[in-house]
>>> print(open('query.pdb').read())   # PDB, C-alpha atoms
ATOM      1  CA  GLU A  12     296.499  90.178 103.388  1.00  0.00           C
ATOM      2  CA  ALA A  13     293.243  91.085 105.100  1.00  0.00           C
ATOM      3  CA  GLY A  14     292.538  94.773 105.449  1.00  0.00           C
ATOM      4  CA  VAL A  15     290.974  96.753 108.265  1.00  0.00           C
ATOM      5  CA  ALA A  16     287.531  95.369 109.058  1.00  0.00           C
ATOM      6  CA  GLN A  17     284.725  97.533 110.389  1.00  0.00           C
ATOM      7  CA  SER A  18     281.126  96.890 111.332  1.00  0.00           C
ATOM      8  CA  PRO A  19     278.371  97.745 110.935  1.00  0.00           C
ATOM      9  CA  ARG A  20     278.685  99.418 107.530  1.00  0.00           C
ATOM     10  CA  TYR A  21     275.508 101.418 108.050  1.00  0.00           C
ATOM     11  CA  LYS A  22     273.529 102.423 111.109  1.00  0.00           C
ATOM     12  CA  ILE A  23     270.464 104.622 111.469  1.00  0.00           C
ATOM     13  CA  ILE A  24     269.400 105.685 114.948  1.00  0.00           C
ATOM     14  CA  GLU A  25     267.343 108.395 116.562  1.00  0.00           C
ATOM     15  CA  LYS A  26     268.920 111.154 118.592  1.00  0.00           C
ATOM     16  CA  ARG A  27     269.638 110.267 122.202  1.00  0.00           C
ATOM     17  CA  GLN A  28     270.060 106.594 121.314  1.00  0.00           C
ATOM     18  CA  SER A  29     273.389 104.843 121.605  1.00  0.00           C
ATOM     19  CA  VAL A  30     275.529 103.117 118.986  1.00  0.00           C
ATOM     20  CA  ALA A  31     278.749 101.134 118.914  1.00  0.00           C
ATOM     21  CA  PHE A  32     281.208 100.546 116.110  1.00  0.00           C
ATOM     22  CA  TRP A  33     283.767  97.784 115.931  1.00  0.00           C
ATOM     23  CA  CYS A  34     287.161  97.686 114.235  1.00  0.00           C
ATOM     24  CA  ASN A  35     289.654  94.909 113.628  1.00  0.00           C
ATOM     25  CA  PRO A  36     292.957  96.339 112.394  1.00  0.00           C
ATOM     26  CA  ILE A  37     295.483  94.678 110.130  1.00  0.00           C
ATOM     27  CA  SER A  38     297.320  91.960 112.013  1.00  0.00           C
ATOM     28  CA  GLY A  39     300.494  93.235 113.625  1.00  0.00           C
ATOM     29  CA  HIS A  40     299.633  96.903 113.329  1.00  0.00           C
ATOM     30  CA  ALA A  41     300.457  98.616 116.605  1.00  0.00           C
ATOM     31  CA  THR A  42     298.635 101.879 116.055  1.00  0.00           C
ATOM     32  CA  LEU A  43     294.890 102.213 115.635  1.00  0.00           C
ATOM     33  CA  TYR A  44     292.954 105.371 114.816  1.00  0.00           C
ATOM     34  CA  TRP A  45     289.319 106.423 114.803  1.00  0.00           C
ATOM     35  CA  TYR A  46     288.455 109.285 112.479  1.00  0.00           C
ATOM     36  CA  GLN A  47     285.137 111.048 111.978  1.00  0.00           C
ATOM     37  CA  GLN A  48     284.377 112.260 108.460  1.00  0.00           C
ATOM     38  CA  ILE A  49     281.395 114.549 108.040  1.00  0.00           C
ATOM     39  CA  LEU A  50     280.080 114.945 104.493  1.00  0.00           C
ATOM     40  CA  GLY A  51     282.213 117.368 102.505  1.00  0.00           C
ATOM     41  CA  GLN A  52     285.013 117.476 105.061  1.00  0.00           C
ATOM     42  CA  GLY A  53     288.281 115.687 105.627  1.00  0.00           C
ATOM     43  CA  PRO A  54     288.698 112.996 108.274  1.00  0.00           C
ATOM     44  CA  LYS A  55     289.056 114.357 111.811  1.00  0.00           C
ATOM     45  CA  LEU A  56     291.022 112.334 114.349  1.00  0.00           C
ATOM     46  CA  LEU A  57     288.953 111.306 117.360  1.00  0.00           C
ATOM     47  CA  ILE A  58     291.348 108.978 119.133  1.00  0.00           C
ATOM     48  CA  GLN A  59     294.673 107.253 118.506  1.00  0.00           C
ATOM     49  CA  PHE A  60     295.886 104.129 120.285  1.00  0.00           C
ATOM     50  CA  GLN A  61     299.443 102.829 120.449  1.00  0.00           C
ATOM     51  CA  ASN A  62     298.969  99.142 121.285  1.00  0.00           C
ATOM     52  CA  ASN A  63     296.261  99.377 123.963  1.00  0.00           C
ATOM     53  CA  GLY A  64     297.222 102.783 125.321  1.00  0.00           C
ATOM     54  CA  VAL A  65     295.676 106.101 124.280  1.00  0.00           C
ATOM     55  CA  VAL A  66     298.178 108.574 122.836  1.00  0.00           C
ATOM     56  CA  ASP A  67     295.766 111.265 121.621  1.00  0.00           C
ATOM     57  CA  ASP A  68     292.103 111.768 122.414  1.00  0.00           C
ATOM     58  CA  SER A  69     292.128 115.556 122.481  1.00  0.00           C
ATOM     59  CA  GLN A  70     289.320 115.843 119.911  1.00  0.00           C
ATOM     60  CA  LEU A  71     287.106 113.115 121.328  1.00  0.00           C
ATOM     61  CA  PRO A  72     283.873 114.540 122.829  1.00  0.00           C
ATOM     62  CA  LYS A  73     284.285 112.632 126.045  1.00  0.00           C
ATOM     63  CA  ASP A  74     280.860 113.497 127.404  1.00  0.00           C
ATOM     64  CA  ARG A  75     279.304 111.236 124.781  1.00  0.00           C
ATOM     65  CA  PHE A  76     282.045 109.329 122.973  1.00  0.00           C
ATOM     66  CA  SER A  77     284.159 106.537 124.391  1.00  0.00           C
ATOM     67  CA  ALA A  78     286.600 104.104 122.845  1.00  0.00           C
ATOM     68  CA  GLU A  79     288.674 101.185 123.947  1.00  0.00           C
ATOM     69  CA  ARG A  80     291.159  98.848 122.376  1.00  0.00           C
ATOM     70  CA  LEU A  81     290.864  95.359 123.721  1.00  0.00           C
ATOM     71  CA  LYS A  82     294.192  93.646 124.355  1.00  0.00           C
ATOM     72  CA  GLY A  83     295.857  95.922 121.841  1.00  0.00           C
ATOM     73  CA  VAL A  84     293.954  94.440 118.896  1.00  0.00           C
ATOM     74  CA  ASP A  85     290.232  95.102 118.264  1.00  0.00           C
ATOM     75  CA  SER A  86     288.647  98.407 119.135  1.00  0.00           C
ATOM     76  CA  THR A  87     285.155  99.717 119.783  1.00  0.00           C
ATOM     77  CA  LEU A  88     283.880 103.274 119.533  1.00  0.00           C
ATOM     78  CA  LYS A  89     280.672 104.124 121.356  1.00  0.00           C
ATOM     79  CA  ILE A  90     278.410 107.142 121.172  1.00  0.00           C
ATOM     80  CA  GLN A  91     275.881 107.690 123.940  1.00  0.00           C
ATOM     81  CA  PRO A  92     273.654 109.649 123.598  1.00  0.00           C
ATOM     82  CA  ALA A  93     273.869 110.460 119.903  1.00  0.00           C
ATOM     83  CA  LYS A  94     273.167 113.922 118.536  1.00  0.00           C
ATOM     84  CA  LEU A  95     272.132 114.971 115.039  1.00  0.00           C
ATOM     85  CA  GLU A  96     275.615 116.395 114.392  1.00  0.00           C
ATOM     86  CA  ASP A  97     277.148 112.956 114.949  1.00  0.00           C
ATOM     87  CA  SER A  98     275.886 111.901 111.521  1.00  0.00           C
ATOM     88  CA  ALA A  99     279.098 111.006 109.706  1.00  0.00           C
ATOM     89  CA  VAL A 100     281.280 108.171 108.502  1.00  0.00           C
ATOM     90  CA  TYR A 101     283.435 106.711 111.250  1.00  0.00           C
ATOM     91  CA  LEU A 102     286.677 105.495 109.781  1.00  0.00           C
ATOM     92  CA  CYS A 103     289.020 103.130 111.555  1.00  0.00           C
ATOM     93  CA  ALA A 104     292.629 102.976 110.397  1.00  0.00           C
ATOM     94  CA  SER A 105     295.770 101.189 111.455  1.00  0.00           C
ATOM     95  CA  SER A 106     299.488 101.522 110.845  1.00  0.00           C
ATOM     96  CA  ILE A 107     302.471  99.289 111.528  1.00  0.00           C
ATOM     97  CA  GLY A 108     304.228 101.822 113.707  1.00  0.00           C
ATOM     98  CA  THR A 109     303.459 105.418 114.456  1.00  0.00           C
ATOM     99  CA  ALA A 110     301.839 107.866 112.057  1.00  0.00           C
ATOM    100  CA  ALA A 111     305.270 109.195 111.138  1.00  0.00           C
ATOM    101  CA  THR A 112     305.454 107.218 107.912  1.00  0.00           C
ATOM    102  CA  GLY A 113     302.088 108.593 106.881  1.00  0.00           C
ATOM    103  CA  GLU A 114     300.753 105.308 105.614  1.00  0.00           C
ATOM    104  CA  LEU A 115     297.486 104.599 107.305  1.00  0.00           C
ATOM    105  CA  PHE A 116     295.290 101.758 106.111  1.00  0.00           C
ATOM    106  CA  PHE A 117     291.626 102.613 106.419  1.00  0.00           C
ATOM    107  CA  GLY A 118     288.617 100.397 106.717  1.00  0.00           C
ATOM    108  CA  GLU A 119     285.546 101.015 104.561  1.00  0.00           C
ATOM    109  CA  GLY A 120     283.933 102.976 107.359  1.00  0.00           C
ATOM    110  CA  SER A 121     280.708 102.873 109.350  1.00  0.00           C
ATOM    111  CA  ARG A 122     278.126 105.343 108.090  1.00  0.00           C
ATOM    112  CA  LEU A 123     275.958 106.727 110.904  1.00  0.00           C
ATOM    113  CA  THR A 124     272.734 108.630 110.346  1.00  0.00           C
ATOM    114  CA  VAL A 125     271.123 110.222 113.385  1.00  0.00           C
ATOM    115  CA  LEU A 126     267.483 111.234 112.918  1.00  0.00           C
TER     116      LEU A 126
ATOM    117  CA  ARG B  19     292.674 128.901 112.427  1.00  0.00           C
ATOM    118  CA  LYS B  20     292.517 125.742 110.352  1.00  0.00           C
ATOM    119  CA  GLU B  21     295.627 123.578 110.548  1.00  0.00           C
ATOM    120  CA  VAL B  22     295.539 122.350 106.952  1.00  0.00           C
ATOM    121  CA  GLU B  23     293.822 124.359 104.234  1.00  0.00           C
ATOM    122  CA  GLN B  24     293.227 123.306 100.662  1.00  0.00           C
ATOM    123  CA  ASP B  25     291.777 124.790  97.490  1.00  0.00           C
ATOM    124  CA  PRO B  26     287.988 124.521  97.872  1.00  0.00           C
ATOM    125  CA  GLY B  27     287.298 122.978  94.462  1.00  0.00           C
ATOM    126  CA  PRO B  28     285.768 121.222  92.678  1.00  0.00           C
ATOM    127  CA  PHE B  29     288.122 121.315  89.745  1.00  0.00           C
ATOM    128  CA  ASN B  30     286.489 120.359  86.449  1.00  0.00           C
ATOM    129  CA  VAL B  31     289.038 119.548  83.747  1.00  0.00           C
ATOM    130  CA  PRO B  32     289.016 117.709  80.410  1.00  0.00           C
ATOM    131  CA  GLU B  33     290.996 114.545  79.861  1.00  0.00           C
ATOM    132  CA  GLY B  34     294.632 115.288  79.138  1.00  0.00           C
ATOM    133  CA  ALA B  35     294.703 118.530  81.114  1.00  0.00           C
ATOM    134  CA  THR B  36     297.264 119.414  83.753  1.00  0.00           C
ATOM    135  CA  VAL B  37     295.859 120.389  87.141  1.00  0.00           C
ATOM    136  CA  ALA B  38     297.509 121.587  90.338  1.00  0.00           C
ATOM    137  CA  PHE B  39     296.240 121.498  93.911  1.00  0.00           C
ATOM    138  CA  ASN B  40     297.545 123.714  96.680  1.00  0.00           C
ATOM    139  CA  CYS B  41     297.683 123.199 100.406  1.00  0.00           C
ATOM    140  CA  THR B  42     298.949 125.312 103.289  1.00  0.00           C
ATOM    141  CA  TYR B  43     299.583 124.258 106.870  1.00  0.00           C
ATOM    142  CA  SER B  44     299.745 126.347 110.007  1.00  0.00           C
ATOM    143  CA  ASN B  45     302.167 124.450 112.229  1.00  0.00           C
ATOM    144  CA  SER B  46     305.757 125.274 111.313  1.00  0.00           C
ATOM    145  CA  ALA B  47     306.946 122.287 113.356  1.00  0.00           C
ATOM    146  CA  SER B  48     305.158 119.841 111.063  1.00  0.00           C
ATOM    147  CA  GLN B  49     307.597 117.250 109.879  1.00  0.00           C
ATOM    148  CA  SER B  50     306.183 115.183 107.064  1.00  0.00           C
ATOM    149  CA  PHE B  51     303.565 115.585 104.420  1.00  0.00           C
ATOM    150  CA  PHE B  52     301.390 113.385 102.246  1.00  0.00           C
ATOM    151  CA  TRP B  53     298.686 113.327  99.638  1.00  0.00           C
ATOM    152  CA  TYR B  54     295.820 110.870 100.002  1.00  0.00           C
ATOM    153  CA  ARG B  55     293.200 110.040  97.420  1.00  0.00           C
ATOM    154  CA  GLN B  56     289.572 109.327  98.324  1.00  0.00           C
ATOM    155  CA  ASP B  57     287.122 108.001  95.752  1.00  0.00           C
ATOM    156  CA  CYS B  58     283.432 108.764  96.195  1.00  0.00           C
ATOM    157  CA  ARG B  59     282.012 106.854  99.192  1.00  0.00           C
ATOM    158  CA  LYS B  60     285.287 105.001  99.680  1.00  0.00           C
ATOM    159  CA  GLU B  61     288.051 105.172 102.267  1.00  0.00           C
ATOM    160  CA  PRO B  62     291.147 107.387 101.837  1.00  0.00           C
ATOM    161  CA  LYS B  63     294.286 105.763 100.466  1.00  0.00           C
ATOM    162  CA  LEU B  64     297.852 107.031 100.445  1.00  0.00           C
ATOM    163  CA  LEU B  65     298.755 108.497  97.060  1.00  0.00           C
ATOM    164  CA  MET B  66     302.277 109.707  97.758  1.00  0.00           C
ATOM    165  CA  SER B  67     304.570 111.224 100.330  1.00  0.00           C
ATOM    166  CA  VAL B  68     305.937 114.721  99.807  1.00  0.00           C
ATOM    167  CA  TYR B  69     309.681 115.169 100.185  1.00  0.00           C
ATOM    168  CA  SER B  70     311.593 118.399 100.656  1.00  0.00           C
ATOM    169  CA  SER B  71     313.348 118.049  97.323  1.00  0.00           C
ATOM    170  CA  GLY B  72     310.100 117.357  95.507  1.00  0.00           C
ATOM    171  CA  ASN B  73     309.177 113.984  94.123  1.00  0.00           C
ATOM    172  CA  GLU B  74     307.481 112.460  91.134  1.00  0.00           C
ATOM    173  CA  ASP B  75     305.490 109.284  90.614  1.00  0.00           C
ATOM    174  CA  GLY B  76     304.449 108.866  87.008  1.00  0.00           C
ATOM    175  CA  ARG B  77     302.044 111.661  86.146  1.00  0.00           C
ATOM    176  CA  PHE B  78     301.996 112.961  89.724  1.00  0.00           C
ATOM    177  CA  THR B  79     304.459 115.490  91.139  1.00  0.00           C
ATOM    178  CA  ALA B  80     304.473 116.685  94.735  1.00  0.00           C
ATOM    179  CA  GLN B  81     306.369 119.689  96.039  1.00  0.00           C
ATOM    180  CA  LEU B  82     306.996 121.171  99.464  1.00  0.00           C
ATOM    181  CA  ASN B  83     308.001 124.684 100.427  1.00  0.00           C
ATOM    182  CA  ARG B  84     308.760 124.684 104.160  1.00  0.00           C
ATOM    183  CA  ALA B  85     309.468 128.409 104.298  1.00  0.00           C
ATOM    184  CA  SER B  86     306.004 129.190 102.947  1.00  0.00           C
ATOM    185  CA  GLN B  87     304.384 126.179 104.655  1.00  0.00           C
ATOM    186  CA  TYR B  88     302.967 125.173 101.325  1.00  0.00           C
ATOM    187  CA  ILE B  89     302.474 121.836  99.559  1.00  0.00           C
ATOM    188  CA  SER B  90     301.349 121.176  96.019  1.00  0.00           C
ATOM    189  CA  LEU B  91     300.252 118.263  93.857  1.00  0.00           C
ATOM    190  CA  LEU B  92     300.477 118.414  90.082  1.00  0.00           C
ATOM    191  CA  ILE B  93     298.684 115.903  87.879  1.00  0.00           C
ATOM    192  CA  ARG B  94     299.697 115.797  84.221  1.00  0.00           C
ATOM    193  CA  ASP B  95     297.705 114.240  81.378  1.00  0.00           C
ATOM    194  CA  SER B  96     294.592 113.772  83.524  1.00  0.00           C
ATOM    195  CA  LYS B  97     292.645 110.530  83.123  1.00  0.00           C
ATOM    196  CA  LEU B  98     288.988 109.884  83.820  1.00  0.00           C
ATOM    197  CA  SER B  99     290.133 107.563  86.601  1.00  0.00           C
ATOM    198  CA  ASP B 100     291.840 110.483  88.369  1.00  0.00           C
ATOM    199  CA  SER B 101     288.404 111.792  89.378  1.00  0.00           C
ATOM    200  CA  ALA B 102     288.450 111.741  93.164  1.00  0.00           C
ATOM    201  CA  THR B 103     288.999 113.941  96.199  1.00  0.00           C
ATOM    202  CA  TYR B 104     292.627 114.694  97.018  1.00  0.00           C
ATOM    203  CA  LEU B 105     293.424 115.147 100.699  1.00  0.00           C
ATOM    204  CA  CYS B 106     296.471 117.035 101.932  1.00  0.00           C
ATOM    205  CA  VAL B 107     297.831 115.438 105.108  1.00  0.00           C
ATOM    206  CA  VAL B 108     300.365 116.803 107.566  1.00  0.00           C
ATOM    207  CA  ASN B 109     302.199 114.913 110.288  1.00  0.00           C
ATOM    208  CA  PHE B 110     303.102 116.538 113.574  1.00  0.00           C
ATOM    209  CA  VAL B 111     305.056 115.084 116.442  1.00  0.00           C
ATOM    210  CA  ASN B 112     303.912 116.079 119.911  1.00  0.00           C
ATOM    211  CA  SER B 113     305.163 114.611 123.171  1.00  0.00           C
ATOM    212  CA  GLY B 114     306.830 111.781 121.328  1.00  0.00           C
ATOM    213  CA  TYR B 115     303.931 110.592 119.215  1.00  0.00           C
ATOM    214  CA  SER B 116     302.864 111.418 115.681  1.00  0.00           C
ATOM    215  CA  THR B 117     299.426 112.506 114.571  1.00  0.00           C
ATOM    216  CA  LEU B 118     298.129 113.078 111.077  1.00  0.00           C
ATOM    217  CA  THR B 119     295.893 116.046 110.292  1.00  0.00           C
ATOM    218  CA  PHE B 120     293.815 115.928 107.118  1.00  0.00           C
ATOM    219  CA  GLY B 121     292.705 118.865 105.031  1.00  0.00           C
ATOM    220  CA  LYS B 122     289.155 119.179 103.811  1.00  0.00           C
ATOM    221  CA  GLY B 123     290.082 117.823 100.397  1.00  0.00           C
ATOM    222  CA  THR B 124     289.838 119.121  96.858  1.00  0.00           C
ATOM    223  CA  MET B 125     287.536 117.310  94.447  1.00  0.00           C
ATOM    224  CA  LEU B 126     288.725 116.666  90.913  1.00  0.00           C
ATOM    225  CA  LEU B 127     286.318 115.815  88.116  1.00  0.00           C
ATOM    226  CA  VAL B 128     287.884 114.765  84.811  1.00  0.00           C
ATOM    227  CA  SER B 129     285.500 114.731  81.874  1.00  0.00           C
ATOM    228  CA  PRO B 130     285.826 113.123  78.406  1.00  0.00           C
TER     229      PRO B 130
END
>>> encode(input="query.pdb", output="structure tokens")
Amino acid sequence: EAGVAQSPRYKIIEKRQSVAFWCNPISGHATLYWYQQILGQGPKLLIQFQNNGVVDDSQLPKDRFSAERLKGVDSTLKIQPAKLEDSAVYLCASSIGTAATGELFFGEGSRLTVL
Amino acid sequence: RKEVEQDPGPFNVPEGATVAFNCTYSNSASQSFFWYRQDCRKEPKLLMSVYSSGNEDGRFTAQLNRASQYISLLIRDSKLSDSATYLCVVNFVNSGYSTLTFGKGTMLLVSP
């Protein structure tokens, strides 16, 4: 079974530039998550989709971050304009149902460096 | 106040040692609990769920104390391959949906 696919794996940009990350979850998984993991810290939830609706975006910096889930399948996360503190790994995850079972399947992540 | 706090680490232990990780959570309404493992520069993966009665999976034992809002993970007979960061994860249901909150993680280094 194919896992969660993410691209690009690595991205280096200068501050104030924009960047977009793409995620394709495991087929049939209703819930999709974007986490931000800064070096030395645990993953922090940015946004959670149930099908194509947002159920939690309370920690998403909405002045610069946006995300959408197209037709309840693929998702994109955009940062515009980027700041130095956005340097992190952006992890996409999916789960069959809600997060209640605790089993999230993560992609390999997109590593962003902002110079 | 941090929602999920873990031992800062790193823990350096020799092969064969027993090591325990601790985790506390702040939300008394949290409903389910998990340990994830994250290898260096890799994505997190579910290691095991934590049940109220405690549960064991081979060399790994997880325990939960709801009254103290405390979770633990015990690893017996450590192997070199156990070297990784262990993330404590807590599930909370709010307005009908579940969210998972991750701790900062505790790094384990097992040496020969």
>>> residues_around(input="query.pdb", residues="Gly114 of chain B", least_positions_apart="5", cutoff="12 Å", atoms="all atoms listed in the file", output="ChimeraX atom specification")
/A:61,66-67,109-111
>>> axis_aligned_box(input="query.pdb", around="segment 62-74 of chain B", padding_each_side="6 Å", output="JSON")
{"center_x": 302.2, "center_y": 112.1, "center_z": 96.5, "size_x": 34.2, "size_y": 24.6, "size_z": 22.7}
>>> residues_around(input="query.pdb", residues="Thr103 of chain B", least_positions_apart="2", cutoff="7 Å", atoms="all atoms listed in the file", output="list in words")
Arg55, Gln56, Asp57, Leu105, Gly123, Thr124, Met125 and Leu126 of chain B
>>> closest_residue(input="query.pdb", among="B:Gly34, B:Gly27, B:Gly76, B:Pro62", to="Val107 of chain B", atoms="all atoms listed in the file")
B:Pro62
>>> interface_residues(input="query.pdb", of="chain A", to="chain B", cutoff="8 Å", atoms="only C-alpha atoms", output="ChimeraX atom specification")
/A:51-56,66,102,109-111,113-120
>>> write_last_selection(input="query.pdb", atoms="C-alpha atoms", output="short mmCIF file (atom, residue, chain, number, x, y, z; two decimals), in the coordinates of the input")
data_model
loop_
_atom_site.label_atom_id
_atom_site.label_comp_id
_atom_site.auth_asym_id
_atom_site.auth_seq_id
_atom_site.Cartn_x
_atom_site.Cartn_y
_atom_site.Cartn_z
CA GLY A 51 282.21 117.37 102.50
CA GLN A 52 285.01 117.48 105.06
CA GLY A 53 288.28 115.69 105.63
CA PRO A 54 288.70 113.00 108.27
CA LYS A 55 289.06 114.36 111.81
CA LEU A 56 291.02 112.33 114.35
CA VAL A 66 298.18 108.57 122.84
CA LEU A 102 286.68 105.50 109.78
CA THR A 109 303.46 105.42 114.46
CA ALA A 110 301.84 107.87 112.06
CA ALA A 111 305.27 109.20 111.14
CA GLY A 113 302.09 108.59 106.88
CA GLU A 114 300.75 105.31 105.61
CA LEU A 115 297.49 104.60 107.30
CA PHE A 116 295.29 101.76 106.11
CA PHE A 117 291.63 102.61 106.42
CA GLY A 118 288.62 100.40 106.72
CA GLU A 119 285.55 101.02 104.56
CA GLY A 120 283.93 102.98 107.36
#
>>> closest_residue(input="query.pdb", among="A:Asn63, A:Ser105, A:Ser77, A:Ser121", to="Lys22 of chain A", atoms="all atoms listed in the file")
A:Ser121
>>> closest_residue(input="query.pdb", among="B:Thr42, B:Ser71, B:Ser48, B:Ser101", to="Tyr88 of chain B", atoms="all atoms listed in the file")
B:Thr42
>>> resolve_selection(input="query.pdb", expression="the PyMOL selection byres ((chain A and resi 39) around 10)", output="PDB file with C-alpha atoms, in the frame of the given file")
ATOM      1  CA  PRO A  36     292.957  96.339 112.394  1.00  0.00           C
ATOM      2  CA  ILE A  37     295.483  94.678 110.130  1.00  0.00           C
ATOM      3  CA  SER A  38     297.320  91.960 112.013  1.00  0.00           C
ATOM      4  CA  HIS A  40     299.633  96.903 113.329  1.00  0.00           C
ATOM      5  CA  ALA A  41     300.457  98.616 116.605  1.00  0.00           C
ATOM      6  CA  THR A  42     298.635 101.879 116.055  1.00  0.00           C
ATOM      7  CA  ASN A  62     298.969  99.142 121.285  1.00  0.00           C
ATOM      8  CA  GLY A  83     295.857  95.922 121.841  1.00  0.00           C
ATOM      9  CA  VAL A  84     293.954  94.440 118.896  1.00  0.00           C
ATOM     10  CA  SER A 105     295.770 101.189 111.455  1.00  0.00           C
ATOM     11  CA  SER A 106     299.488 101.522 110.845  1.00  0.00           C
ATOM     12  CA  ILE A 107     302.471  99.289 111.528  1.00  0.00           C
ATOM     13  CA  GLY A 108     304.228 101.822 113.707  1.00  0.00           C
TER      14      GLY A 108
END
>>> resolve_selection(input="query.pdb", expression="the PyMOL selection byres ((chain A and resi 125) around 9)", output="JSON list (two decimals) with C-alpha atoms, keeping the file's coordinate frame")
[["chain", "number", "residue", "atom", "x", "y", "z"],
["A", 22, "LYS", "CA", 273.53, 102.42, 111.11],
["A", 23, "ILE", "CA", 270.46, 104.62, 111.47],
["A", 24, "ILE", "CA", 269.40, 105.68, 114.95],
["A", 25, "GLU", "CA", 267.34, 108.40, 116.56],
["A", 26, "LYS", "CA", 268.92, 111.15, 118.59],
["A", 27, "ARG", "CA", 269.64, 110.27, 122.20],
["A", 28, "GLN", "CA", 270.06, 106.59, 121.31],
["A", 93, "ALA", "CA", 273.87, 110.46, 119.90],
["A", 94, "LYS", "CA", 273.17, 113.92, 118.54],
["A", 95, "LEU", "CA", 272.13, 114.97, 115.04],
["A", 96, "GLU", "CA", 275.62, 116.40, 114.39],
["A", 97, "ASP", "CA", 277.15, 112.96, 114.95],
["A", 98, "SER", "CA", 275.89, 111.90, 111.52],
["A", 99, "ALA", "CA", 279.10, 111.01, 109.71],
["A", 123, "LEU", "CA", 275.96, 106.73, 110.90],
["A", 124, "THR", "CA", 272.73, 108.63, 110.35],
["A", 126, "LEU", "CA", 267.48, 111.23, 112.92]]
>>> atom_distance(input="query.pdb", atom1="atom CA of Pro72 of chain A", atom2="atom CA of Leu57 of chain A")
8.1 Å
>>> resolve_selection(input="query.pdb", expression="the PyMOL selection byres ((chain B and resi 100) around 12)", output="NGL selection string")
:B and (29-37 or 55-58 or 65 or 77-78 or 92-99 or 101-104 or 125-130)
>>> atom_distance(input="query.pdb", atom1="atom CA of Arg84 of chain B", atom2="atom CA of Pro26 of chain B")
21.7 Å
>>> atom_distance(input="query.pdb", atom1="atom CA of Lys89 of chain A", atom2="atom CA of Trp33 of chain A")
8.9 Å
